[in-house]
>>> print(open('protein_28.txt').read())   # compact mmCIF, C-alpha atoms and all ligand atoms
# COMPACT_ATOMS: atom_id res chain seq x y z
CA MET A 183 -62.86 -28.67 118.96
CA THR A 184 -64.78 -28.82 115.70
CA GLY A 185 -64.06 -30.96 112.64
CA GLY A 186 -60.98 -30.20 110.59
CA ILE A 187 -57.54 -31.54 109.81
CA ALA A 188 -56.07 -28.88 112.13
CA CYS A 189 -57.41 -30.94 115.07
CA TYR A 190 -53.95 -32.47 115.40
CA LYS A 191 -52.61 -29.02 116.39
CA ILE A 192 -54.88 -29.01 119.45
CA ALA A 193 -52.92 -31.88 120.96
CA GLU A 194 -49.90 -29.56 121.17
CA LEU A 195 -51.98 -26.55 122.23
CA THR A 196 -53.44 -28.62 125.09
CA ARG A 197 -49.94 -29.62 126.18
CA LEU A 198 -48.75 -25.98 126.13
CA LEU A 199 -51.75 -24.81 128.16
CA THR A 200 -51.61 -27.56 130.78
CA LYS A 201 -47.83 -27.13 131.13
CA ALA A 202 -48.43 -23.43 131.87
CA GLY A 203 -50.88 -24.38 134.64
CA ALA A 204 -54.25 -24.05 132.88
CA THR A 205 -57.10 -26.50 133.40
CA VAL A 206 -58.18 -27.61 129.95
CA GLN A 207 -61.62 -29.13 129.51
CA ILE A 208 -62.03 -30.56 126.03
CA VAL A 209 -65.42 -30.66 124.29
CA MET A 210 -65.48 -32.10 120.76
CA THR A 211 -68.12 -32.14 118.05
CA GLU A 212 -68.88 -35.46 116.37
CA SER A 213 -66.86 -34.34 113.33
CA ALA A 214 -63.82 -33.47 115.46
CA THR A 215 -63.70 -37.07 116.72
CA GLN A 216 -63.18 -38.18 113.10
CA PHE A 217 -59.84 -36.34 113.05
CA ILE A 218 -58.38 -37.12 116.49
CA THR A 219 -59.73 -39.41 119.18
CA PRO A 220 -61.20 -38.29 122.51
CA VAL A 221 -58.79 -40.80 124.11
CA THR A 222 -55.80 -38.76 122.91
CA MET A 223 -57.34 -35.50 124.09
CA GLN A 224 -58.27 -37.01 127.46
CA ALA A 225 -54.71 -38.25 127.97
CA LEU A 226 -53.26 -34.82 127.15
CA SER A 227 -55.77 -32.74 129.13
CA GLY A 228 -56.01 -35.19 132.04
CA ARG A 229 -59.81 -34.79 132.10
CA PRO A 230 -62.73 -36.66 130.56
CA VAL A 231 -63.69 -35.39 127.11
CA TYR A 232 -67.31 -34.52 126.36
CA THR A 233 -68.88 -35.00 122.95
CA SER A 234 -72.61 -35.38 123.58
CA GLN A 235 -75.20 -33.22 125.22
CA TRP A 236 -76.81 -36.39 126.56
CA ASP A 237 -73.65 -37.36 128.49
CA ALA A 238 -74.85 -38.53 131.90
CA ARG A 239 -71.42 -38.13 133.56
CA VAL A 240 -72.16 -34.48 134.37
CA PRO A 241 -73.95 -34.64 137.78
CA ASN A 242 -77.14 -32.72 136.92
CA ASN A 243 -77.09 -33.83 133.28
CA MET A 244 -76.69 -30.24 132.12
CA ALA A 245 -73.28 -30.38 130.49
CA HIS A 246 -74.05 -27.32 128.38
CA ILE A 247 -74.45 -25.18 131.51
CA ASP A 248 -71.92 -26.74 133.88
CA LEU A 249 -69.01 -26.87 131.44
CA SER A 250 -69.29 -23.22 130.46
CA ARG A 251 -69.77 -22.01 134.07
CA GLU A 252 -66.45 -23.62 135.08
CA ALA A 253 -64.49 -21.89 132.29
CA ASP A 254 -62.63 -18.56 132.31
CA ALA A 255 -62.85 -18.64 128.51
CA ILE A 256 -64.03 -20.93 125.74
CA VAL A 257 -61.63 -21.36 122.80
CA ILE A 258 -63.00 -23.00 119.67
CA ALA A 259 -59.98 -24.51 117.94
CA PRO A 260 -60.12 -25.42 115.19
CA ALA A 261 -63.26 -23.46 114.32
CA SER A 262 -64.76 -24.87 111.11
CA THR A 263 -66.73 -22.90 108.52
CA ASP A 264 -69.87 -24.65 109.63
CA PHE A 265 -69.32 -23.89 113.30
CA LEU A 266 -68.65 -20.18 112.66
CA ALA A 267 -71.96 -20.08 110.78
CA LYS A 268 -73.75 -21.79 113.67
CA LEU A 269 -72.21 -19.40 116.20
CA ALA A 270 -73.11 -16.35 114.14
CA HIS A 271 -76.73 -17.45 114.09
CA GLY A 272 -76.96 -18.75 117.65
CA PHE A 273 -77.68 -22.38 116.75
CA ALA A 274 -77.71 -24.82 119.64
CA ASP A 275 -78.05 -28.31 118.17
CA ASP A 276 -75.15 -30.15 119.78
CA LEU A 277 -73.19 -29.91 123.05
CA LEU A 278 -70.52 -27.49 121.84
CA SER A 279 -72.84 -25.03 120.10
CA THR A 280 -75.28 -25.17 123.02
CA LEU A 281 -72.63 -24.42 125.63
CA CYS A 282 -71.39 -21.49 123.51
CA VAL A 283 -74.89 -20.01 123.46
CA ALA A 284 -75.30 -20.70 127.20
CA ARG A 285 -71.89 -19.30 128.18
CA ASP A 286 -71.18 -16.43 130.57
CA CYS A 287 -67.45 -16.17 129.73
CA PRO A 288 -65.41 -14.80 126.79
CA LEU A 289 -65.37 -16.79 123.55
CA LEU A 290 -62.35 -16.98 121.23
CA VAL A 291 -62.46 -18.69 117.83
CA VAL A 292 -59.47 -19.99 115.88
CA PRO A 293 -60.66 -20.48 112.27
CA ALA A 294 -59.18 -23.28 110.16
CA MET A 295 -60.41 -23.95 106.66
CA ASN A 296 -59.68 -23.98 102.95
CA ARG A 297 -58.97 -20.52 101.50
CA GLN A 298 -62.12 -20.46 99.34
CA MET A 299 -64.22 -21.40 102.33
CA TRP A 300 -62.60 -18.57 104.32
CA GLN A 301 -63.09 -16.05 101.53
CA ASN A 302 -66.66 -17.08 100.86
CA PRO A 303 -68.89 -14.04 101.43
CA ALA A 304 -71.10 -16.04 103.80
CA THR A 305 -68.08 -16.92 106.01
CA GLN A 306 -66.85 -13.31 105.95
CA ARG A 307 -70.35 -12.13 106.90
CA ASN A 308 -70.43 -14.62 109.78
CA VAL A 309 -66.98 -13.59 111.04
CA ALA A 310 -67.95 -9.91 110.93
CA GLN A 311 -71.08 -10.78 112.93
CA LEU A 312 -69.03 -12.73 115.49
CA ARG A 313 -66.65 -9.78 115.92
CA ALA A 314 -69.59 -7.42 116.32
CA ASP A 315 -70.91 -9.80 119.02
CA GLY A 316 -67.61 -9.38 120.95
CA ILE A 317 -66.17 -12.76 119.96
CA GLU A 318 -62.40 -12.71 119.52
CA THR A 319 -61.03 -14.16 116.26
CA LEU A 320 -57.45 -15.50 116.34
CA GLY A 321 -56.04 -15.82 112.83
CA PRO A 322 -56.34 -17.42 110.40
CA ASP A 323 -52.81 -17.70 109.08
CA SER A 324 -51.80 -17.69 105.45
CA GLY A 325 -49.76 -20.36 103.68
CA PRO A 326 -49.85 -23.91 102.31
CA GLN A 327 -53.01 -25.80 103.20
CA ALA A 328 -53.70 -29.50 103.81
CA CYS A 329 -55.69 -29.61 100.54
CA GLY A 330 -52.61 -28.47 98.59
CA GLU A 331 -53.84 -24.94 97.92
CA ILE A 332 -52.11 -21.81 99.25
CA GLY A 333 -53.84 -18.86 100.90
CA ASP A 334 -55.65 -17.53 103.99
CA GLY A 335 -57.41 -20.02 106.22
CA ARG A 336 -54.68 -22.11 107.87
CA MET A 337 -55.04 -22.41 111.60
CA LEU A 338 -52.48 -20.45 113.61
CA GLU A 339 -49.70 -22.63 114.98
CA PRO A 340 -50.31 -23.94 118.52
CA GLU A 341 -47.62 -21.65 120.01
CA ALA A 342 -49.32 -18.60 118.49
CA VAL A 343 -52.75 -19.65 119.79
CA TYR A 344 -51.20 -20.25 123.20
CA GLU A 345 -49.58 -16.79 123.20
CA ALA A 346 -52.82 -15.17 122.04
CA ILE A 347 -54.71 -16.82 124.90
CA VAL A 348 -52.12 -15.66 127.46
CA SER A 349 -52.28 -12.21 125.89
CA PHE A 350 -56.08 -12.20 126.15
CA PHE A 351 -55.86 -12.59 129.94
CA ALA A 352 -52.87 -10.26 130.59
CA PRO A 353 -53.58 -6.93 132.33
CA LYS A 354 -53.45 -4.20 129.67
CA VAL A 355 -51.04 -1.87 131.50
CA LEU A 356 -49.54 -0.68 128.18
CA ALA A 357 -52.80 -0.22 126.25
CA GLY A 358 -52.44 2.49 123.63
CA ARG A 359 -48.63 2.65 123.96
CA LYS A 360 -46.16 2.18 121.12
CA LEU A 361 -42.99 0.33 122.10
CA LEU A 362 -39.79 0.09 120.12
CA ILE A 363 -37.42 -2.65 121.29
CA THR A 364 -34.00 -3.81 120.07
CA ALA A 365 -32.87 -7.38 120.72
CA GLY A 366 -30.07 -9.82 120.01
CA PRO A 367 -26.50 -9.25 118.90
CA THR A 368 -25.34 -7.32 115.87
CA PHE A 369 -23.04 -8.79 113.22
CA GLU A 370 -20.22 -6.64 111.88
CA PRO A 371 -18.76 -8.14 108.68
CA LEU A 372 -15.02 -8.35 108.06
CA ASP A 373 -15.41 -9.86 104.59
CA PRO A 374 -18.25 -11.67 102.76
CA VAL A 375 -17.97 -14.76 104.98
CA ARG A 376 -16.59 -13.58 108.33
CA GLY A 377 -17.62 -11.12 110.95
CA ILE A 378 -17.62 -10.08 114.57
CA THR A 379 -20.60 -10.74 116.79
CA ASN A 380 -21.34 -11.60 120.42
CA ARG A 381 -23.14 -14.23 122.46
CA SER A 382 -26.43 -12.39 123.01
CA SER A 383 -29.28 -14.86 122.29
CA GLY A 384 -32.02 -12.23 122.00
CA LYS A 385 -34.17 -14.13 124.53
CA MET A 386 -34.56 -11.21 126.96
CA GLY A 387 -35.53 -8.72 124.23
CA PHE A 388 -37.99 -11.15 122.65
CA ALA A 389 -39.48 -11.94 126.08
CA LEU A 390 -39.98 -8.21 126.68
CA ALA A 391 -41.54 -7.74 123.24
CA ARG A 392 -43.94 -10.62 123.97
CA ALA A 393 -44.82 -9.29 127.45
CA ALA A 394 -45.35 -5.76 126.11
CA GLN A 395 -47.65 -7.04 123.34
CA GLN A 396 -49.59 -9.05 125.91
CA ALA A 397 -49.89 -5.90 128.02
CA GLY A 398 -51.68 -4.20 125.12
CA ALA A 399 -48.79 -2.29 123.51
CA GLU A 400 -48.14 -2.00 119.79
CA VAL A 401 -44.65 -3.48 119.56
CA HIS A 402 -41.97 -2.91 116.91
CA LEU A 403 -39.03 -5.26 117.48
CA VAL A 404 -35.75 -4.55 115.72
CA ALA A 405 -33.80 -7.81 115.91
CA GLY A 406 -30.20 -8.66 115.18
CA PRO A 407 -29.35 -12.15 113.87
CA VAL A 408 -31.07 -14.59 116.26
CA ALA A 409 -32.79 -17.96 115.92
CA LEU A 410 -36.03 -17.09 117.72
CA GLN A 411 -39.69 -17.12 116.70
CA THR A 412 -41.41 -13.76 116.43
CA PRO A 413 -43.76 -13.30 119.40
CA TRP A 414 -47.43 -13.32 118.38
CA GLY A 415 -48.75 -9.90 117.36
CA VAL A 416 -45.32 -8.24 117.30
CA TYR A 417 -44.00 -6.39 114.23
CA ARG A 418 -40.43 -7.58 113.64
CA GLU A 419 -37.73 -5.96 111.55
CA ASP A 420 -34.50 -7.93 111.05
CA VAL A 421 -31.12 -6.22 110.78
CA GLN A 422 -27.50 -7.37 110.80
CA THR A 423 -25.18 -4.50 111.67
CA ALA A 424 -25.21 -1.80 114.35
CA GLN A 425 -25.52 0.83 111.62
CA GLN A 426 -28.62 -0.90 110.19
CA MET A 427 -30.07 -1.22 113.70
CA TYR A 428 -29.39 2.47 114.30
CA GLU A 429 -31.16 3.44 111.06
CA ALA A 430 -34.17 1.19 111.73
CA VAL A 431 -34.50 2.56 115.27
CA MET A 432 -34.10 6.23 114.29
CA ARG A 433 -36.80 5.81 111.61
CA ALA A 434 -39.27 4.51 114.20
CA ALA A 435 -38.18 6.34 117.38
CA THR A 436 -40.07 9.59 116.86
CA ASP A 437 -43.31 7.64 116.74
CA ALA A 438 -42.62 5.54 119.87
CA ASP A 439 -43.78 6.17 123.44
CA VAL A 440 -41.13 3.88 124.89
CA PHE A 441 -37.75 2.71 123.59
CA ILE A 442 -36.07 -0.29 125.21
CA GLY A 443 -32.54 -1.05 124.04
CA VAL A 444 -31.95 -4.70 124.92
CA ALA A 445 -29.64 -5.47 121.99
CA ALA A 446 -25.98 -6.14 122.61
CA VAL A 447 -24.81 -3.68 119.99
CA ALA A 448 -21.24 -4.05 118.72
CA ASP A 449 -19.25 -1.01 119.78
CA TRP A 450 -17.00 -1.12 116.73
CA ARG A 451 -16.99 -2.12 113.08
CA VAL A 452 -14.07 -2.37 110.67
CA ASP A 453 -13.50 0.78 108.66
CA HIS A 454 -13.33 -1.20 105.42
CA VAL A 455 -15.16 -4.48 104.76
CA ALA A 456 -13.12 -6.59 102.31
CA GLU A 457 -14.99 -7.13 99.07
CA HIS A 458 -13.69 -10.68 98.69
CA LYS A 459 -12.88 -13.34 101.22
CA ILE A 460 -9.58 -12.50 102.90
CA LYS A 461 -7.15 -15.25 101.87
CA LYS A 462 -4.28 -16.54 103.95
CA THR A 463 -1.71 -15.37 101.43
CA ALA A 464 1.87 -14.56 102.33
CA GLU A 465 1.09 -10.89 103.04
CA HIS A 466 -2.17 -11.73 104.91
CA ARG A 467 -0.95 -14.36 107.36
CA MET A 468 -1.79 -12.02 110.20
CA PRO A 469 -4.26 -9.45 108.92
CA THR A 470 -4.80 -6.31 110.96
CA PHE A 471 -8.09 -4.42 111.06
CA THR A 472 -8.79 -0.81 111.86
CA PHE A 473 -12.00 -0.26 113.80
CA VAL A 474 -14.31 2.72 113.88
CA GLU A 475 -16.93 3.37 116.54
CA ASN A 476 -20.57 2.48 115.91
CA PRO A 477 -23.30 4.98 116.76
CA ASP A 478 -24.72 4.65 120.26
CA ILE A 479 -28.37 3.87 119.49
CA LEU A 480 -29.73 4.33 123.01
CA ALA A 481 -27.91 7.62 123.61
CA SER A 482 -29.02 8.90 120.18
CA VAL A 483 -32.69 8.15 120.91
CA ALA A 484 -32.40 9.70 124.38
CA ALA A 485 -30.92 12.85 122.78
CA LEU A 486 -33.89 13.38 120.41
CA PRO A 487 -35.76 16.65 121.01
CA ASN A 488 -38.90 14.89 122.25
CA PRO A 489 -37.59 11.42 123.14
CA PRO A 490 -39.65 8.37 124.01
CA TYR A 491 -39.25 7.05 127.58
CA CYS A 492 -35.86 5.33 127.22
CA VAL A 493 -34.81 2.13 128.96
CA GLY A 494 -31.29 0.73 128.67
CA PHE A 495 -29.89 -2.69 129.47
CA ALA A 496 -26.36 -3.36 130.62
CA ALA A 497 -24.63 -6.69 131.00
CA GLU A 498 -21.56 -6.18 133.17
CA SER A 499 -18.93 -8.67 134.22
CA GLY A 500 -18.35 -7.03 137.61
CA ASP A 501 -19.03 -3.91 139.75
CA LEU A 502 -22.64 -3.77 138.56
CA ASP A 503 -23.67 -0.98 140.93
CA VAL A 504 -20.89 1.36 139.78
CA HIS A 505 -21.18 0.64 136.05
CA GLY A 506 -25.00 0.49 136.04
CA GLU A 507 -25.54 3.95 137.47
CA GLU A 508 -22.61 5.43 135.55
CA LYS A 509 -23.98 4.06 132.27
CA ARG A 510 -27.51 5.30 132.98
CA ALA A 511 -26.23 8.80 133.67
CA ARG A 512 -23.86 8.79 130.67
CA LYS A 513 -26.61 7.72 128.25
CA LYS A 514 -29.07 10.15 129.90
CA VAL A 515 -31.86 7.58 130.26
CA PRO A 516 -34.35 7.52 133.14
CA LEU A 517 -34.10 3.75 133.66
CA LEU A 518 -31.33 1.21 133.14
CA ILE A 519 -31.71 -2.50 133.80
CA GLY A 520 -28.41 -4.07 134.76
CA ASN A 521 -27.25 -7.62 135.27
CA LEU A 522 -24.04 -9.55 135.65
CA GLY A 523 -24.35 -10.26 132.00
CA PRO A 524 -22.08 -12.65 130.20
CA LEU A 525 -23.20 -15.31 132.69
CA THR A 526 -26.86 -14.95 131.64
CA PHE A 527 -26.35 -14.82 127.85
CA GLY A 528 -28.45 -17.61 126.32
CA GLN A 529 -29.85 -18.68 129.72
CA ASP A 530 -33.60 -18.89 130.34
CA ASP A 531 -33.50 -16.95 133.59
CA ASN A 532 -32.01 -13.66 134.73
CA GLU A 533 -31.45 -11.52 137.83
CA VAL A 534 -31.48 -7.76 137.35
CA VAL A 535 -31.18 -4.47 139.19
CA LEU A 536 -33.12 -1.35 138.19
CA PHE A 537 -31.02 1.84 138.20
CA GLU A 538 -32.70 5.23 138.18
CA ALA A 539 -32.00 8.67 139.61
CA ALA A 540 -33.92 7.78 142.78
CA GLY A 541 -31.71 4.75 143.47
CA ARG A 542 -31.39 1.04 142.77
CA THR A 543 -34.04 -1.70 143.02
CA PRO A 544 -32.90 -5.33 142.80
CA LEU A 545 -35.47 -7.80 141.42
CA PRO A 546 -35.41 -11.49 142.37
CA ARG A 547 -34.00 -14.05 139.93
CA ALA A 548 -36.76 -15.24 137.59
CA ALA A 549 -37.38 -16.95 134.25
CA LYS A 550 -36.85 -14.40 131.44
CA GLN A 551 -40.55 -14.44 130.42
CA ALA A 552 -41.75 -13.89 134.01
CA LEU A 553 -39.10 -11.23 134.52
CA ALA A 554 -40.22 -9.54 131.29
CA GLN A 555 -43.76 -9.28 132.67
CA THR A 556 -42.43 -7.70 135.87
CA LEU A 557 -40.30 -5.26 133.86
CA VAL A 558 -43.26 -4.31 131.66
CA ALA A 559 -45.26 -3.51 134.81
CA GLU A 560 -42.30 -1.52 136.24
CA ILE A 561 -41.93 0.45 133.00
CA ALA A 562 -45.69 1.09 132.72
CA ARG A 563 -45.70 2.52 136.27
CA ARG A 564 -42.99 5.00 135.33
CA LEU A 565 -44.52 6.37 132.14
CA PRO A 566 -45.21 10.09 132.42
CA ASP A 567 -48.83 10.18 131.29
CA GLN A 568 -50.78 7.66 133.34
CA SER A 569 -54.13 8.87 132.08
CA ILE A 570 -54.53 6.35 129.27
CA ILE A 571 -53.25 3.38 131.24
CA SER A 572 -56.10 1.15 132.29
N1 LIG B 601 -26.28 0.46 123.17
C1 LIG B 601 -26.73 1.06 122.01
N2 LIG B 601 -25.84 1.32 121.02
C2 LIG B 601 -24.53 1.00 121.15
C3 LIG B 601 -24.08 0.40 122.33
C4 LIG B 601 -25.00 0.14 123.33
O1 LIG B 601 -27.91 1.35 121.90
N3 LIG B 601 -23.70 1.27 120.16
C5 LIG B 601 -27.28 0.24 124.24
C6 LIG B 601 -27.58 -1.22 124.54
O2 LIG B 601 -28.67 -1.71 123.76
C7 LIG B 601 -27.91 -1.18 126.01
C8 LIG B 601 -27.04 -0.06 126.55
O3 LIG B 601 -26.73 0.77 125.44
O4 LIG B 601 -29.25 -0.81 126.25
C9 LIG B 601 -25.79 -0.47 127.22
O5 LIG B 601 -25.03 -1.29 126.36
P1 LIG B 601 -23.52 -1.60 126.69
O6 LIG B 601 -22.94 -2.41 125.58
O7 LIG B 601 -23.44 -2.16 128.07
O8 LIG B 601 -22.96 -0.11 126.72
P2 LIG B 601 -21.67 0.51 126.18
O9 LIG B 601 -21.93 1.96 126.03
O10 LIG B 601 -21.21 -0.21 124.97
O11 LIG B 601 -20.65 0.30 127.39
P3 LIG B 601 -19.37 -0.63 127.54
O12 LIG B 601 -18.25 0.32 127.58
O13 LIG B 601 -19.58 -1.33 128.84
O14 LIG B 601 -19.35 -1.56 126.35
>>> encode(input="protein_28.txt", output="structure tokens")
Amino acid sequence: MTGGIACYKIAELTRLLTKAGATVQIVMTESATQFITPVTMQALSGRPVYTSQWDARVPNNMAHIDLSREADAIVIAPASTDFLAKLAHGFADDLLSTLCVARDCPLLVVPAMNRQMWQNPATQRNVAQLRADGIETLGPDSGPQACGEIGDGRMLEPEAVYEAIVSFFAPKVLAGRKLLITAGPTFEPLDPVRGITNRSSGKMGFALARAAQQAGAEVHLVAGPVALQTPWGVYREDVQTAQQMYEAVMRAATDADVFIGVAAVADWRVDHVAEHKIKKTAEHRMPTFTFVENPDILASVAALPNPPYCVGFAAESGDLDVHGEEKRARKKVPLLIGNLGPLTFGQDDNEVVLFEAAGRTPLPRAAKQALAQTLVAEIARRLPDQSIIS
């Protein structure tokens, strides 16, 4: 940690990392201790915090060597303007800069500074040099800053830094692949204030988008109305209706290597959306609606002349084996992932069965994010051209 108001975000980042099972060793510069105390960081990381290169607690008194040898990666967060400059030039005049120079592990920096400091040609030169040296830069974000100004330089939020770190370590089984994913419910309006939707939370589709991005894919996520944060590094396009989802998907499908339809797309919409709110007048006490069928997005993508590898999802309320295989064959997709659905809507875990021409493969119940990683690996294994998969 180096000095900056964004130091408070590292408390949360430390909590996220330790909760996920990482060992977090905090090293702070003198300036960082002005913003948050080593006591707080020690309590959150569960390990002593080091601030001085003369700290005698390290057995051989070589903190700069020992601390970096124990690490799988060093993450400088927040990374101040001054520290980026020091890194770019290889300075080693305090514990943190010295252990960065002495490291034999990857280094990631998370810049946090005022927008003018970020845009300063010297900073940009230093960042370009760090990138050329193989140092990963995460962010910065854009938006309101602690100083009251608005622009580039904000530190990424702790969740985004956490996801970027996980992503950094994930095996890149989808490197070079373009994935198009739908997620969430659709919303079919009846009038300006009412509509028909379903209980899909979008969690499974978002988890897959996140896992695919972490596996090195370029991910385009077309999302129905959901209350979920966009996974780090994923391009998200929001839609409301099945028709809008269909159009967004068809625009992007020809460019995709893989299409995964996770969205719970409404099968029908009303043939005429009322222009004004439908009132409970005498003649409208019991309104009737006529429905027309929505396009089948998955089947339409699968029917393209040169389709991406298509994966369907099906949430069934019974007879999964019969409906799963029947649906896969009807939509003409190579892989369909089925579950006993309505029970898992909104839940954080899921139990699925893979249906393909060769047969069915049940996967054990798992948290949606862990399951998404398994599914990404399963999909990657099935892609036709294995040559560019690392
Ligand atoms: N799907 C789609 N477009 C639709 C309906 C479904 O792309 N209009 C996709 C879903 O995203 C999912 C798969 O098709 O990947 C299966 O969805 P499901 O609703 O189970 O299929 P339906 O064809 O609607 O079958 P059912 O009769 O069971 O509703």
>>> closest_residue(input="protein_28.txt", among="A:Gly228, A:Pro293, A:Gly494, A:Gly203", to="Ile187 (chain A)", atoms="all atoms listed in the file")
A:Pro293
>>> residues_around(input="protein_28.txt", residues="Leu545 (chain A)", least_positions_apart="2", cutoff="8 Å", atoms="all atoms listed in the file", output="number ranges by chain")
A: 533-536, 543, 547
>>> atom_distance(input="protein_28.txt", atom1="CA of Leu372 (chain A)", atom2="CA of Ala445 (chain A)")
20.4 Å
>>> residues_near_ligand(input="protein_28.txt", ligand="ligand LIG 601 (chain B)", cutoff="6 Å", atoms="only C-alpha atoms and all ligand atoms", output="list in words")
Gly443, Val444, Ala445, Ala446, Val447, Asp449, Asn476, Pro477, Asp478, Ile479, Leu480, Gly494, Phe495, Ala496 and Ala497 of chain A
>>> write_last_selection(input="protein_28.txt", atoms="C-alpha atoms", output="PDB file, in the coordinates of the input")
ATOM      1  CA  GLY A 443     -32.540  -1.050 124.040  1.00  0.00           C
ATOM      2  CA  VAL A 444     -31.950  -4.700 124.920  1.00  0.00           C
ATOM      3  CA  ALA A 445     -29.640  -5.470 121.990  1.00  0.00           C
ATOM      4  CA  ALA A 446     -25.980  -6.140 122.610  1.00  0.00           C
ATOM      5  CA  VAL A 447     -24.810  -3.680 119.990  1.00  0.00           C
ATOM      6  CA  ASP A 449     -19.250  -1.010 119.780  1.00  0.00           C
ATOM      7  CA  ASN A 476     -20.570   2.480 115.910  1.00  0.00           C
ATOM      8  CA  PRO A 477     -23.300   4.980 116.760  1.00  0.00           C
ATOM      9  CA  ASP A 478     -24.720   4.650 120.260  1.00  0.00           C
ATOM     10  CA  ILE A 479     -28.370   3.870 119.490  1.00  0.00           C
ATOM     11  CA  LEU A 480     -29.730   4.330 123.010  1.00  0.00           C
ATOM     12  CA  GLY A 494     -31.290   0.730 128.670  1.00  0.00           C
ATOM     13  CA  PHE A 495     -29.890  -2.690 129.470  1.00  0.00           C
ATOM     14  CA  ALA A 496     -26.360  -3.360 130.620  1.00  0.00           C
ATOM     15  CA  ALA A 497     -24.630  -6.690 131.000  1.00  0.00           C
TER      16      ALA A 497
END
>>> atom_distance(input="protein_28.txt", atom1="CA of Trp450 (chain A)", atom2="CA of Gly377 (chain A)")
11.6 Å
>>> closest_residue(input="protein_28.txt", among="A:Arg381, A:Ala267, A:Gln555, A:Ala294", to="Ala310 (chain A)", atoms="only C-alpha atoms")
A:Ala267
>>> atom_distance(input="protein_28.txt", atom1="CA of Gln311 (chain A)", atom2="CA of Gly272 (chain A)")
11.0 Å
>>> residues_near_point(input="protein_28.txt", point="(-73.0, -27.9, 131.8)", cutoff="12 Å", atoms="all atoms listed in the file", output="mmCIF file with C-alpha atoms, in the frame of the given file")
data_model
loop_
_atom_site.group_PDB
_atom_site.id
_atom_site.type_symbol
_atom_site.label_atom_id
_atom_site.label_comp_id
_atom_site.auth_asym_id
_atom_site.auth_seq_id
_atom_site.Cartn_x
_atom_site.Cartn_y
_atom_site.Cartn_z
ATOM 1 C CA GLN A 207 -61.620 -29.130 129.510
ATOM 2 C CA VAL A 209 -65.420 -30.660 124.290
ATOM 3 C CA TYR A 232 -67.310 -34.520 126.360
ATOM 4 C CA SER A 234 -72.610 -35.380 123.580
ATOM 5 C CA GLN A 235 -75.200 -33.220 125.220
ATOM 6 C CA TRP A 236 -76.810 -36.390 126.560
ATOM 7 C CA ASP A 237 -73.650 -37.360 128.490
ATOM 8 C CA ALA A 238 -74.850 -38.530 131.900
ATOM 9 C CA ARG A 239 -71.420 -38.130 133.560
ATOM 10 C CA VAL A 240 -72.160 -34.480 134.370
ATOM 11 C CA PRO A 241 -73.950 -34.640 137.780
ATOM 12 C CA ASN A 242 -77.140 -32.720 136.920
ATOM 13 C CA ASN A 243 -77.090 -33.830 133.280
ATOM 14 C CA MET A 244 -76.690 -30.240 132.120
ATOM 15 C CA ALA A 245 -73.280 -30.380 130.490
ATOM 16 C CA HIS A 246 -74.050 -27.320 128.380
ATOM 17 C CA ILE A 247 -74.450 -25.180 131.510
ATOM 18 C CA ASP A 248 -71.920 -26.740 133.880
ATOM 19 C CA LEU A 249 -69.010 -26.870 131.440
ATOM 20 C CA SER A 250 -69.290 -23.220 130.460
ATOM 21 C CA ARG A 251 -69.770 -22.010 134.070
ATOM 22 C CA GLU A 252 -66.450 -23.620 135.080
ATOM 23 C CA ALA A 253 -64.490 -21.890 132.290
ATOM 24 C CA LEU A 277 -73.190 -29.910 123.050
ATOM 25 C CA LEU A 278 -70.520 -27.490 121.840
ATOM 26 C CA THR A 280 -75.280 -25.170 123.020
ATOM 27 C CA LEU A 281 -72.630 -24.420 125.630
ATOM 28 C CA CYS A 282 -71.390 -21.490 123.510
ATOM 29 C CA VAL A 283 -74.890 -20.010 123.460
ATOM 30 C CA ALA A 284 -75.300 -20.700 127.200
ATOM 31 C CA ARG A 285 -71.890 -19.300 128.180
ATOM 32 C CA ASP A 286 -71.180 -16.430 130.570
#
>>> closest_residue(input="protein_28.txt", among="A:Gly406, A:Pro487, A:Gly506, A:Pro260", to="Thr379 (chain A)", atoms="all atoms listed in the file")
A:Gly406
>>> residues_around(input="protein_28.txt", residues="Ile363 (chain A)", least_positions_apart="3", cutoff="8 Å", atoms="all atoms listed in the file", output="list in words")
Gly387, Ala391, Val401, His402, Leu403, Val404, Phe441, Ile442, Gly443 and Val444 of chain A
>>> residues_around(input="protein_28.txt", residues="Gly316 (chain A)", least_positions_apart="4", cutoff="10 Å", atoms="only C-alpha atoms", output="list in words")
Pro288, Leu289, Leu290, Gln311 and Leu312 of chain A
>>> residues_around(input="protein_28.txt", residues="Gln551 (chain A)", least_positions_apart="6", cutoff="9 Å", atoms="only C-alpha atoms", output="count of residues only")
9
>>> closest_residue(input="protein_28.txt", among="A:Pro413, A:Ala484, A:Ser499, A:Leu199", to="Lys513 (chain A)", atoms="all atoms listed in the file")
A:Ala484
>>> closest_residue(input="protein_28.txt", among="A:Asp439, A:Asp315, A:Asp264, A:Glu345", to="Leu361 (chain A)", atoms="all atoms listed in the file")
A:Asp439
>>> residues_around(input="protein_28.txt", residues="Asp334 (chain A)", least_positions_apart="4", cutoff="8 Å", atoms="only C-alpha atoms", output="list of chain:residue names")
A:Asn296, A:Arg297, A:Trp300, A:Gln301, A:Pro322, A:Asp323, A:Ser324, A:Gly325
>>> closest_residue(input="protein_28.txt", among="A:Val309, A:Leu198, A:Glu331, A:Asp501", to="Ile347 (chain A)", atoms="all atoms listed in the file")
A:Leu198
